[in-house]
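> This is the structure I want to talk about, given as structure tokens.
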There are 4 protein chains.
Amino acid sequence: MLNHYLDVRNFTVSLCENLQIEDYGLQAGEFVSPAKWHLAHTTWFFETFVLHPYCPNYKLFHPSYSFLYNSYYNAIGERVPRNQRGLMSRPTVKEVMDYRQHVDRAMAGFLKDNTDTSLDDLLTLGLHHEQQHQELFLTDLKHNLSYNPLLPCIRDIGEYPASAPQQWINVKGGIYEIGFRGDGFCYDNELGVHEVHLEPYAISNVPVTNAEYIAFIKDGGYGNNSLWHSDGWAWVQQHNISLPLYWQSEDSEYFVYTLDGKKKVDPDSPVCHISFYEAAAYSEWAGHRLPTEFEWEAAAEFLDWGSRWEWTQSAYLPYPRFQKAPGAIGEYNGKFMVNQMVLRGASVATSPNHSRKSYRNFFGAEAQWQFSGIRLVKN
Amino acid sequence: MLNHYLDVRNFTVSLCENLQIEDYGLQAGEFVSPAKWHLAHTTWFFETFVLHPYCPNYKLFHPSYSFLYNSYYNAIGERVPRNQRGLMSRPTVKEVMDYRQHVDRAMAGFLKDNTDTSLDDLLTLGLHHEQQHQELFLTDLKHNLSYNPLLPCIRDIGEYPASAPQQWINVKGGIYEIGFRGDGFCYDNELGVHEVHLEPYAISNVPVTNAEYIAFIKDGGYGNNSLWHSDGWAWVQQHNISLPLYWQSEDSEYFVYTLDGKKKVDPDSPVCHISFYEAAAYSEWAGHRLPTEFEWEAAAEFLDWGSRWEWTQSAYLPYPRFQKAPGAIGEYNGKFMVNQMVLRGASVATSPNHSRKSYRNFFGAEAQWQFSGIRLVKN
Amino acid sequence: MLNHYLDVRNFTVSLCENLQIEDYGLQAGEFVSPAKWHLAHTTWFFETFVLHPYCPNYKLFHPSYSFLYNSYYNAIGERVPRNQRGLMSRPTVKEVMDYRQHVDRAMAGFLKDNTDTSLDDLLTLGLHHEQQHQELFLTDLKHNLSYNPLLPCIRDIGEYPASAPQQWINVKGGIYEIGFRGDGFCYDNELGVHEVHLEPYAISNVPVTNAEYIAFIKDGGYGNNSLWHSDGWAWVQQHNISLPLYWQSEDSEYFVYTLDGKKKVDPDSPVCHISFYEAAAYSEWAGHRLPTEFEWEAAAEFLDWGSRWEWTQSAYLPYPRFQKAPGAIGEYNGKFMVNQMVLRGASVATSPNHSRKSYRNFFGAEAQWQFSGIRLVKN
Amino acid sequence: MLNHYLDVRNFTVSLCENLQIEDYGLQAGEFVSPAKWHLAHTTWFFETFVLHPYCPNYKLFHPSYSFLYNSYYNAIGERVPRNQRGLMSRPTVKEVMDYRQHVDRAMAGFLKDNTDTSLDDLLTLGLHHEQQHQELFLTDLKHNLSYNPLLPCIRDIGEYPASAPQQWINVKGGIYEIGFRGDGFCYDNELGVHEVHLEPYAISNVPVTNAEYIAFIKDGGYGNNSLWHSDGWAWVQQHNISLPLYWQSEDSEYFVYTLDGKKKVDPDSPVCHISFYEAAAYSEWAGHRLPTEFEWEAAAEFLDWGSRWEWTQSAYLPYPRFQKAPGAIGEYNGKFMVNQMVLRGASVATSPNHSRKSYRNFFGAEAQWQFSGIRLVKN
């Protein structure tokens with residue numbers, strides 16, 4: 001456990017490579033957080049839920065941090081308003097790194113001595129929580145830096161891998177078991193293994209590519225209301241959307257901002273930074289549809305997945321027998337089960353050992369800043 | 001068909017009883033429409049989709065009405081912005097009533113002579129469209145009048161019926177068939193009969209009463225964030241919600257605005273004008289949950305339903321094999337299948353012959369102005 | 001006094017000619033009021049400030065009207081929110097007209113018997129208050145109707161008179177007396193006759209014409225930020241302003257909505273429905289400037305004025321020794337003396353006997369819906 | 001000139017003492033700028049208006065900086081949106097400091113060789129521009145840091161000096177000369193010396209103290225609408241204002257955030273961080289009024305001024321014969337002459353040698369974040 005703990009914690013710090021101190025505080029919108037905040041909040045989790053209640057003699061690093069780095073755990077007390085995280089120039093980056101070391105040192109001592117396994121679930125949750133924030137660290141960072149006219153270049157995380165050739169995979173109708181089974185970790189929203197009846201369908205082995213999406217653009221997809229949900233059409237018009245997020249059109253060529261700077265759009269790579277609205281409009285244009293999260297899970301082992309989070313046409317809702325855990329930990333998932341769509345799979349920014357076929361990611365239908373793409377299904 | 005046509009059309013006009021001319025134009029928000037607009041828009045449906053294309057020699061009542069009374073059918077051309085419907089003092093009420101007569105007379109002639117049954121589906125859709133607007137006529141009217149400090153009294157539509165005694169109905173797990181079967185009319189969103197696997201559950205025979213909901217209020221339900229979805233809690237705080245819509249608290253008694261004026265809240269009647277957020281928070285407080293739309297439909301024949309639209313915990317999504325109809329008619333349902341929750345049942349304001357157990361009503365999670373209530377389920 | 005009272009009161013009613021009942025309730029924005037509201041609010045003034053306190057045995061027409069038709073007199077108690085005036089379908093037009101008659105009858109009795117002159121100032125204020133609302137009745141009505149795609153035609157009030165030939169009038173520098181002197185009525189904001197030192201200037205005898213303003217438009221005036229105030233440029237861009245209010249460009253001709261319907265823009269008539277921002281940008285483009293309110297008043301007797309309210313470059317501020325009256329009446333003017341610009345003159349919509357050279361009208365710099373125009377000055 | 005140049009430039013850098021790198025990028029609202037932006041923008045002024053056009057062989061430090069650090073000079077080309085200045089983590093603080101050195105070195109060379117005095121006005125304007133930004137550097141920094149729950153402590157700039165005993169100074173009526181006369185520098189908005197006729201008045205020798213303002217608070221001043229302008233009352237209610245900016249009430253004591261951390265409010269020091277609305281309401285409550293900017297200037301030599309910018313009841317308008325300079329420099333003042341009130345004097349944050357009695361500062365009536373206070377006048 002200690003080694004795993006240190007691996008995960010160090011991986012977070014490794015994401016800061018090439019960042020300037022000035023970059024850590026950026027917050028370009030309420031839905032993204034500063035890099036520094038992610039570094040501190042993940043640390044706060046272990047201090048608040050592990051060290052403070054269970055480690056005798058543990059000394060809080062700083063009495064205010066509990067207030068500063070709480071995110072949405074209402075049960076823990078007041079919070080800094082979400083849209084003001086970028087205004088916390090203090091604690092400094094150095095102080096936050098010291099906070100991490102303070103907690104990691106205490107955790108190392110605690111884990112070395114501790115033979116009680118009753119906290120294993122909590123520790124594992126804390127590490128998966130941190131891995132989830134590792135991906136948000138990257139997606140938020142990309143979004144925050146994208147506003148800079150200098151288009152800063154951090155490093156190449158392989159955002160645009162090549163795609164395999166497309167083919168349809170036929171799946172039989174019938175009863176499928178959905179939900180997490182096994183010994184390892186899963187979030188509470190994957191629990192409640194249950195039977196779902198599916199009709200027969202065919203699912204694409206690969207996500208939609210940039211070249212395919214460009215055909216939609218060139219065919220006037222963003223201007224054809226009959227392809228869009230009503231809310232999607234309003235979103236397109238209100239925000240003047242005509243391209244995926246981070247794309248620019250120059251002299252009839254397409255360019256895209258990546259963490260490695262500005263690049264030409266690679267036609268063979270899966271389209272990325274797509275909202276649910278865009279995914280649904282594209283699939284309508286293509287004459288197909290998005291999978292349900294159940295269709296996705298039932299076929300997962302035959303799919304080439306992992307480079308893009310894939311929008312499903314399933315809303316994020318509780319599985320049968322879903323139960324919130326008591327206390328603050330119970331706020332992890334259940335309270336978000338409205339007004340969100342499920343994404344399945346994983347992305348180039350997902351941390352190692354943080355994906356499984358039953359994983360349920362979720363965002364609002366307008367969210368573009370994740371590494372999100374499209375997979376098609378037909379009947 | 002002609003008789004049915006005239007029955008439905010006349011019922012719409014009968015809803016105007018006791019309205020003053022000044023009342024017809026009110027629009028208190030973008031989500032409600034003026035009474036006059038409902039009268040004209042339902043008429044526009046028959047002129048636009050039946051008389052104009054199919055009735056030779058039909059003369060449009062007025063060349064501008066096609067623009068004035070289109071609602072969301074983008075395929076038909078431009079529209080008056082939805083939030084400006086209340087600014088159309090002209091056409092006057094009398095002109096709109098003349099429009100109705102002009103179209104009804106033409107329809108009567110057309111239906112008398114017409115022996116072609118190929119339009120039956122379209123005609124039936126037009127009448128159900130009008131019945132749907134009959135309920136909106138009442139809910140919108142109530143909302144529009146509720147802003148008037150004089151609390152106008154229109155008439156008693158029986159908004160607060162008594163509820164039967166509560167008991168739990170046990171339903172077995174297994175495969176259930178969901179969706180409309182039969183000969184009569186249904187909307188396209190009910191089609192695609194399909195099998196759904198349900199786990200065993202118990203469902204209440206009656207909706208939650210005002211007395212029960214008042215217990216939630218008095219227990220501090222509106223101030224306890226652990227009961228609410230994250231979006232619901234933000235909604236409560238942003239709008240300072242502390243009571244159902246139209247309620248007022250005076251000297252520790254509760255009063256409510258109805259179309260029959262201000263009344264004391266009846267403890268034995270089903271709670272009404274509840275958002276999904278409130279319904280979900282109440283069910284959390286009560287230790288139970290809302291049904292899925294499938295659980296509701298599977299148990300419908302054993303339930304006492306029809307006085308309140310009942311929030312389910314199902315998002316409004318397409319059934320398997322759902323297909324949009326081609327052209328403007330195809331805009332009826334499909335494009336709303338995101339960011340909405342399903343309500344099942346019917347209400348005291350639903351028109352006669354406009355309910356069935358497979359009917360899927362839908363609104364955003366914050367909508368309160370429908371006659372909406374709560375039914376509980378437990379495992 | 002009685003005859004004068006009745007003349008003014010009847011003139012208000014005469015403005016309703018050709019209105020449909022549906023027109024009386026329109027409110028297209030927070031800054032305009034429904035016609036019905038003007039009819040009732042002016043009546044409320046006499047009931048609240050004259051009959052109720054001074055007429056023994058006077059019976060209020062309705063106990064709620066005091067709340068319904070108060071405008072901004074905080075001292076009188078709560079008010080209907082300004083943006084909800086259009087939602088008051090009740091009292092009906094007929095009831096409001098009955099209210100007027102009830103008050104007029106009581107006032108007639110009161111004025112016949114009353115030999116006490118101590119109320120003369122209050123009565124005169126009430127009548128000027130009503131005359132001020134007569135002009136707002138017309139400007140608000142025009143604005144409310146302008147949203148109707150049918151462009152309703154009410155009647156010709158001579159909105160676009162011809163202009164005399166332009167010439168410059170030289171005014172000597174020196175001390176001028178500013179403010180109201182004389183026996184008649186004036187508002188408190190005109191009081192405090194005081195000396196102002198002016199430098200020599202030349203002022204145009206006539207306002208700027210449509211033809212002159214069109215030259216500004218065609219020269220790209222709306223797209224040239226160097227002509228605009230910073231706030232004005234932001235206003236132009238936020239609202240996509242490219243023409244005066246109510247103008248439309250069709251096939252390189254200009255049309256304008258008037259209370260008499262849609263007309264071709266008359267090149268020889270003074271430009272109208274211009275914001276201060278537009279007036280200032282035009283004068284910058286023309287190489288001249290707007291007058292101060294003092295320059296305007298000092299030259300008034302030599303000017304051709306009365307068809308357009310003329311924007312000055314003076315902010316609306318108190319004259320020396322300005323005093324608010326005690327109580328609610330004191331809320332008439334003083335509390336608006338910030339963030340407004342002064343307009344001088346009068347317009348085609350100003351009521352008879354309601355103009356004088358010391359009159360200080362005032363609106364925010366972005367207001368376009370008054371009959372406002374431009375007069376130039378040069379040094 | 002060179003020595004003066006270096007003095008001013010070095011003083012700007014001295015303001016950064018005790019700042020952490022993380023502090024330089026903060027932007028808590030559209031109306032404030034990051035410290036780093038001030039450092040770069042003042043440098044940009046010399047590069048853009050002096051070195052680039054007049055210094056042969058000058059090499060731009062970076063081709064993008066012209067775009068990044070333009071503020072409101074539309075004539076110079078596009079700009080970074082004002083509300084996104086805080087998102088520019090790059091250029092880093094070090095790069096901006098290098099930019100300053102690059103420009104300062106080039107300016108030193110240029111000024112040493114240059115014997116042409118034709119640029120003196122431009123250079124002087126550039127230095128006064130920088131001094132103006134020195135005060136904004138401090139006021140913006142204070143505002144940006146004030147959102148931090150840790151209430152960072154930077155250093156003591158003497159924000160709360162003691163006030164002398166109050167007395168009234170009588171000023172005779174008559175003609176006074178207003179505007180800048182003399183040999184030194186002034187802004188274009190002070191030019192146009194002109195005669196103004198004043199009535200006799202008495203003006204307080206000192207600004208209103210915290211103790212006096214607390215009496216207003218305790219008397220319910222923030223809740224008494226009769227004291228406020230209409231816009232001021234709306235502002236108080238919309239933002240729940242009940243104290244000056246940066247004040248907190250704890251256990252019936254008042255505390256205030258300063259650049260030196262949290263302090264107890266000193267009763268004898270002039271009240272600070274007051275909007276025009278608050279200043280006007282206070283003066284109404286005190287039975288007096290604010291001075292006009294002319295009354296202030298006429299009496300300046302008898303006043304104890306310089307610790308607070310003092311709100312006047314004068315709107316910011318052009319003096320007679322005001323002319324905008326041609327080109328980008330002409331955008332300095334004229335385009336802001338609407339919707340602003342004049343403040344006279346100087347403050348504890350004003351740079352040395354940057355005050356004079358004719359100086360016209362200006363802000364919107366709601367602005368609180370300057371070191372602004374209140375001086376009373378009576379007739």
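By convention here, the chains of the structure tokens are called A, B, ... in the order presented, each chain's residues are numbered starting at 1, and ligands are numbered starting at 1 in the order presented.
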Residues of chain B within 7 Å of chain A, using only C-alpha atoms, as a list in words?
Glu195, Val196, His197, Trp228, His229, Ser230, Ala315, Lys335, Phe336 and Asn339 of chain B
> Neighbours of stretch 182-193 of chain A within 12 Å (only C-alpha atoms; same-chain residues fewer than 2 positions away dropped), as a ChimeraX atom specification?
/A:120-129,132,176-180,195-196,293-294,297,316-325,329-337,342,344,353-362 /B:199
> Enumerate the residues of stretch 266-334 of chain A with a DSSP assignment of helix (DSSP H, G or I), computed from the backbone, and present them as a list in words.
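Of stretch 266-334 of chain A, only Phe276, Tyr277, Glu278, Ala279, Ala280, Ala281, Tyr282, Ser283, Glu284, Trp285, Glu293, Phe294, Glu295, Trp296, Glu297, Ala298, Ala299, Ala300, Glu301, Phe302, Ala328, Ile329, Gly330, Glu331 and Gly334 of chain A fall in helix (DSSP H, G or I).
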> Leaving out C:Trp37 and any residue of its chain fewer than 3 positions from it, which residues lie within 10 Å of it when counting only C-alpha atoms, given as a ChimeraX atom specification?
/C:24-27,33-34,40-43,68-71,85-86,88,91,93,96,137
> Show which residues sit within 8 Å of stretch 261-266 of chain D, as a PDB file with N, CA and C atoms, in the first residue's frame. Count only C-alpha atoms, and ignore same-chain residues fewer than 3 positions away.

```pdb
ATOM      1  N   LEU D 151      -5.881  36.692   4.029  1.00  0.00           N
ATOM      2  CA  LEU D 151      -5.660  38.144   4.183  1.00  0.00           C
ATOM      3  C   LEU D 151      -4.168  38.485   4.195  1.00  0.00           C
ATOM      4  N   PRO D 152      -3.507  38.325   3.051  1.00  0.00           N
ATOM      5  CA  PRO D 152      -2.046  38.482   3.006  1.00  0.00           C
ATOM      6  C   PRO D 152      -1.602  39.882   3.421  1.00  0.00           C
ATOM      7  N   CYS D 153      -0.446  39.909   4.009  1.00  0.00           N
ATOM      8  CA  CYS D 153       0.139  41.126   4.537  1.00  0.00           C
ATOM      9  C   CYS D 153       1.346  41.483   3.676  1.00  0.00           C
ATOM     10  N   ILE D 154       1.307  42.627   2.989  1.00  0.00           N
ATOM     11  CA  ILE D 154       2.389  43.004   2.078  1.00  0.00           C
ATOM     12  C   ILE D 154       3.297  44.042   2.738  1.00  0.00           C
ATOM     13  N   TYR D 160      -4.065  54.626   6.826  1.00  0.00           N
ATOM     14  CA  TYR D 160      -4.994  55.288   7.739  1.00  0.00           C
ATOM     15  C   TYR D 160      -4.327  56.345   8.611  1.00  0.00           C
ATOM     16  N   ASN D 210     -13.724  58.012  10.086  1.00  0.00           N
ATOM     17  CA  ASN D 210     -14.378  56.723  10.343  1.00  0.00           C
ATOM     18  C   ASN D 210     -15.404  56.843  11.459  1.00  0.00           C
ATOM     19  N   ALA D 211     -15.081  57.577  12.497  1.00  0.00           N
ATOM     20  CA  ALA D 211     -16.028  57.708  13.616  1.00  0.00           C
ATOM     21  C   ALA D 211     -17.327  58.352  13.130  1.00  0.00           C
ATOM     22  N   GLU D 253     -17.554  45.305  16.662  1.00  0.00           N
ATOM     23  CA  GLU D 253     -16.367  46.101  16.349  1.00  0.00           C
ATOM     24  C   GLU D 253     -16.128  46.025  14.854  1.00  0.00           C
ATOM     25  N   TYR D 254     -15.444  47.034  14.325  1.00  0.00           N
ATOM     26  CA  TYR D 254     -15.200  47.059  12.890  1.00  0.00           C
ATOM     27  C   TYR D 254     -13.726  46.801  12.608  1.00  0.00           C
ATOM     28  N   PHE D 255     -13.498  45.933  11.617  1.00  0.00           N
ATOM     29  CA  PHE D 255     -12.151  45.631  11.163  1.00  0.00           C
ATOM     30  C   PHE D 255     -12.059  45.903   9.672  1.00  0.00           C
ATOM     31  N   VAL D 256     -10.829  46.091   9.206  1.00  0.00           N
ATOM     32  CA  VAL D 256     -10.662  46.448   7.806  1.00  0.00           C
ATOM     33  C   VAL D 256      -9.419  45.753   7.269  1.00  0.00           C
ATOM     34  N   TYR D 257      -9.519  45.291   6.007  1.00  0.00           N
ATOM     35  CA  TYR D 257      -8.348  44.709   5.368  1.00  0.00           C
ATOM     36  C   TYR D 257      -7.491  45.822   4.763  1.00  0.00           C
ATOM     37  N   THR D 258      -6.198  45.805   5.071  1.00  0.00           N
ATOM     38  CA  THR D 258      -5.250  46.743   4.470  1.00  0.00           C
ATOM     39  C   THR D 258      -4.122  45.945   3.840  1.00  0.00           C
ATOM     40  N   SER D 269      -9.261  58.361  11.694  1.00  0.00           N
ATOM     41  CA  SER D 269      -8.703  58.404  10.345  1.00  0.00           C
ATOM     42  C   SER D 269      -9.830  58.642   9.347  1.00  0.00           C
TER      43      SER D 269
END
```
> DSSP on the backbone: which residues in stretch 189-361 of chain B end up as strand (DSSP E or B)? Give the answer as a PyMOL selection string.
chain B and resi 194-198+201-204+209+247-250+253-258+261-264+270+289+309-315+341-345+361
> For N, CA, C and O atoms, I'd like the residues from the last selection saved as a short mmCIF file (atom, residue, chain, number, x, y, z; two decimals), in the first residue's frame.

```cif
data_model
loop_
_atom_site.label_atom_id
_atom_site.label_comp_id
_atom_site.auth_asym_id
_atom_site.auth_seq_id
_atom_site.Cartn_x
_atom_site.Cartn_y
_atom_site.Cartn_z
N HIS B 194 -40.32 -2.55 -25.93
CA HIS B 194 -39.07 -3.24 -25.68
C HIS B 194 -39.08 -3.82 -24.27
O HIS B 194 -39.85 -3.39 -23.41
N GLU B 195 -38.22 -4.75 -24.06
CA GLU B 195 -38.18 -5.45 -22.78
C GLU B 195 -37.20 -4.74 -21.84
O GLU B 195 -36.10 -4.36 -22.25
N VAL B 196 -37.64 -4.58 -20.61
CA VAL B 196 -36.78 -3.99 -19.59
C VAL B 196 -36.75 -4.93 -18.40
O VAL B 196 -37.79 -5.46 -18.00
N HIS B 197 -35.57 -5.15 -17.88
CA HIS B 197 -35.45 -6.03 -16.71
C HIS B 197 -35.51 -5.20 -15.44
O HIS B 197 -34.71 -4.27 -15.26
N LEU B 198 -36.44 -5.52 -14.57
CA LEU B 198 -36.58 -4.78 -13.31
C LEU B 198 -36.26 -5.68 -12.13
O LEU B 198 -36.58 -6.87 -12.15
N TYR B 201 -39.52 -4.44 -6.41
CA TYR B 201 -39.67 -3.15 -5.71
C TYR B 201 -41.07 -3.05 -5.15
O TYR B 201 -41.96 -3.82 -5.53
N ALA B 202 -41.24 -2.09 -4.25
CA ALA B 202 -42.57 -1.76 -3.72
C ALA B 202 -42.86 -0.31 -4.05
O ALA B 202 -42.00 0.55 -3.89
N ILE B 203 -44.05 -0.05 -4.53
CA ILE B 203 -44.41 1.30 -4.97
C ILE B 203 -45.66 1.75 -4.25
O ILE B 203 -46.58 0.95 -4.00
N SER B 204 -45.70 3.00 -3.88
CA SER B 204 -46.85 3.52 -3.13
C SER B 204 -48.06 3.63 -4.06
O SER B 204 -47.93 4.02 -5.21
N THR B 209 -48.70 13.38 0.15
CA THR B 209 -49.69 14.43 0.45
C THR B 209 -49.03 15.71 0.94
O THR B 209 -47.86 15.73 1.32
N TRP B 247 -47.07 28.63 -2.95
CA TRP B 247 -47.35 28.60 -1.51
C TRP B 247 -46.89 29.88 -0.84
O TRP B 247 -45.90 30.50 -1.24
N GLN B 248 -47.61 30.23 0.21
CA GLN B 248 -47.18 31.30 1.10
C GLN B 248 -47.38 30.84 2.52
O GLN B 248 -48.33 30.13 2.82
N SER B 249 -46.46 31.25 3.37
CA SER B 249 -46.61 30.93 4.79
C SER B 249 -47.04 32.19 5.52
O SER B 249 -46.42 33.25 5.38
N GLU B 250 -48.15 32.10 6.24
CA GLU B 250 -48.62 33.25 7.02
C GLU B 250 -48.99 32.76 8.41
O GLU B 250 -49.88 31.91 8.55
N GLU B 253 -49.33 29.17 9.07
CA GLU B 253 -50.26 28.40 8.24
C GLU B 253 -49.82 28.54 6.79
O GLU B 253 -49.20 29.54 6.41
N TYR B 254 -50.19 27.56 5.96
CA TYR B 254 -49.79 27.58 4.55
C TYR B 254 -50.99 27.87 3.67
O TYR B 254 -52.06 27.29 3.84
N PHE B 255 -50.79 28.77 2.74
CA PHE B 255 -51.81 29.11 1.75
C PHE B 255 -51.23 28.91 0.36
O PHE B 255 -50.01 28.90 0.17
N VAL B 256 -52.13 28.74 -0.61
CA VAL B 256 -51.68 28.44 -1.96
C VAL B 256 -52.57 29.17 -2.96
O VAL B 256 -53.78 29.29 -2.76
N TYR B 257 -51.95 29.67 -4.02
CA TYR B 257 -52.73 30.29 -5.08
C TYR B 257 -53.23 29.21 -6.04
O TYR B 257 -52.46 28.35 -6.48
N THR B 258 -54.53 29.24 -6.32
CA THR B 258 -55.11 28.33 -7.32
C THR B 258 -55.86 29.16 -8.35
O THR B 258 -56.04 30.37 -8.16
N GLY B 261 -58.40 31.18 -6.90
CA GLY B 261 -57.99 32.15 -5.89
C GLY B 261 -57.16 31.52 -4.79
O GLY B 261 -56.72 30.36 -4.88
N LYS B 262 -56.96 32.27 -3.73
CA LYS B 262 -56.10 31.84 -2.65
C LYS B 262 -56.84 30.90 -1.71
O LYS B 262 -57.98 31.17 -1.31
N LYS B 263 -56.21 29.78 -1.36
CA LYS B 263 -56.84 28.77 -0.49
C LYS B 263 -55.87 28.36 0.62
O LYS B 263 -54.66 28.47 0.46
N LYS B 264 -56.43 27.82 1.66
CA LYS B 264 -55.61 27.17 2.67
C LYS B 264 -55.14 25.83 2.11
O LYS B 264 -55.88 25.14 1.40
N PRO B 270 -52.77 15.64 -2.60
CA PRO B 270 -51.38 15.41 -3.04
C PRO B 270 -50.63 16.72 -3.20
O PRO B 270 -51.18 17.69 -3.72
N ARG B 289 -37.18 6.41 -2.55
CA ARG B 289 -36.68 7.00 -3.78
C ARG B 289 -37.82 7.17 -4.77
O ARG B 289 -38.94 6.67 -4.55
N TRP B 309 -48.86 14.92 -12.23
CA TRP B 309 -47.76 14.37 -12.99
C TRP B 309 -46.69 13.95 -12.00
O TRP B 309 -46.33 14.72 -11.10
N GLU B 310 -46.16 12.76 -12.16
CA GLU B 310 -45.27 12.21 -11.15
C GLU B 310 -43.83 12.14 -11.68
O GLU B 310 -43.57 11.49 -12.68
N TRP B 311 -42.95 12.84 -11.01
CA TRP B 311 -41.54 12.82 -11.40
C TRP B 311 -40.98 11.42 -11.26
O TRP B 311 -41.17 10.77 -10.23
N THR B 312 -40.29 10.96 -12.26
CA THR B 312 -39.56 9.69 -12.15
C THR B 312 -38.07 10.01 -12.06
O THR B 312 -37.65 11.13 -12.29
N GLN B 313 -37.28 8.99 -11.73
CA GLN B 313 -35.83 9.23 -11.75
C GLN B 313 -35.24 8.83 -13.09
O GLN B 313 -34.03 8.56 -13.19
N SER B 314 -36.08 8.80 -14.13
CA SER B 314 -35.59 8.51 -15.48
C SER B 314 -35.41 9.79 -16.27
O SER B 314 -36.29 10.65 -16.28
N ALA B 315 -34.27 9.91 -16.94
CA ALA B 315 -34.08 11.01 -17.88
C ALA B 315 -34.86 10.71 -19.16
O ALA B 315 -35.12 9.55 -19.49
N MET B 341 -36.25 15.43 -17.40
CA MET B 341 -36.65 14.24 -16.65
C MET B 341 -38.07 13.84 -17.08
O MET B 341 -38.88 14.69 -17.44
N VAL B 342 -38.35 12.55 -16.99
CA VAL B 342 -39.66 12.05 -17.39
C VAL B 342 -40.65 12.15 -16.24
O VAL B 342 -40.30 11.84 -15.09
N LEU B 343 -41.85 12.60 -16.55
CA LEU B 343 -42.97 12.51 -15.61
C LEU B 343 -43.99 11.55 -16.20
O LEU B 343 -44.26 11.58 -17.40
N ARG B 344 -44.58 10.75 -15.34
CA ARG B 344 -45.60 9.80 -15.79
C ARG B 344 -46.92 10.14 -15.12
O ARG B 344 -46.98 10.83 -14.11
N GLY B 345 -48.00 9.62 -15.74
CA GLY B 345 -49.33 9.81 -15.17
C GLY B 345 -50.13 10.84 -15.93
O GLY B 345 -50.17 10.82 -17.17
N ASN B 361 -44.35 12.34 -20.32
CA ASN B 361 -44.24 13.79 -20.22
C ASN B 361 -42.82 14.11 -19.79
O ASN B 361 -42.13 13.26 -19.22
#
```
> Please compute the atom CA of C:Asn57-atom CA of C:Leu6 distance, one decimal, in Å.
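Going from atom CA of C:Asn57 over to atom CA of C:Leu6, I get 21.7 Å.
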> Provide the atom CA of A:Leu259 to atom CA of A:Asp156 distance in Å, to one decimal place.
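Atom CA of A:Asp156 lies 6.4 Å from atom CA of A:Leu259.
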> Need the shell around D:Lys112: protein/DNA/RNA residues with any atom at most 9 Å away, counting only C-alpha atoms. Skip same-chain ones fewer than 4 positions apart. Format as a ChimeraX atom specification?
/D:2,107-108
> Just the selected residues (C-alpha atoms), exported as a PDB file, in the first residue's frame, please.

```pdb
ATOM      1  CA  LEU D   2      16.994  60.529 -17.887  1.00  0.00           C
ATOM      2  CA  MET D 107      15.518  54.516 -23.318  1.00  0.00           C
ATOM      3  CA  ALA D 108      18.699  55.371 -21.426  1.00  0.00           C
TER       4      ALA D 108
END
```
> Interatomic distance between atom CA of C:Tyr58 and atom CA of C:Leu136?
29.2 Å
> Hey, what's within 9 Å of stretch 238-242 of chain B if we count only C-alpha atoms and toss same-chain stuff fewer than 6 positions away? As a list of chain:residue names, please?
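In the requested format, the answer is B:Ile217, B:Gly221, B:Tyr222, B:Gly223.
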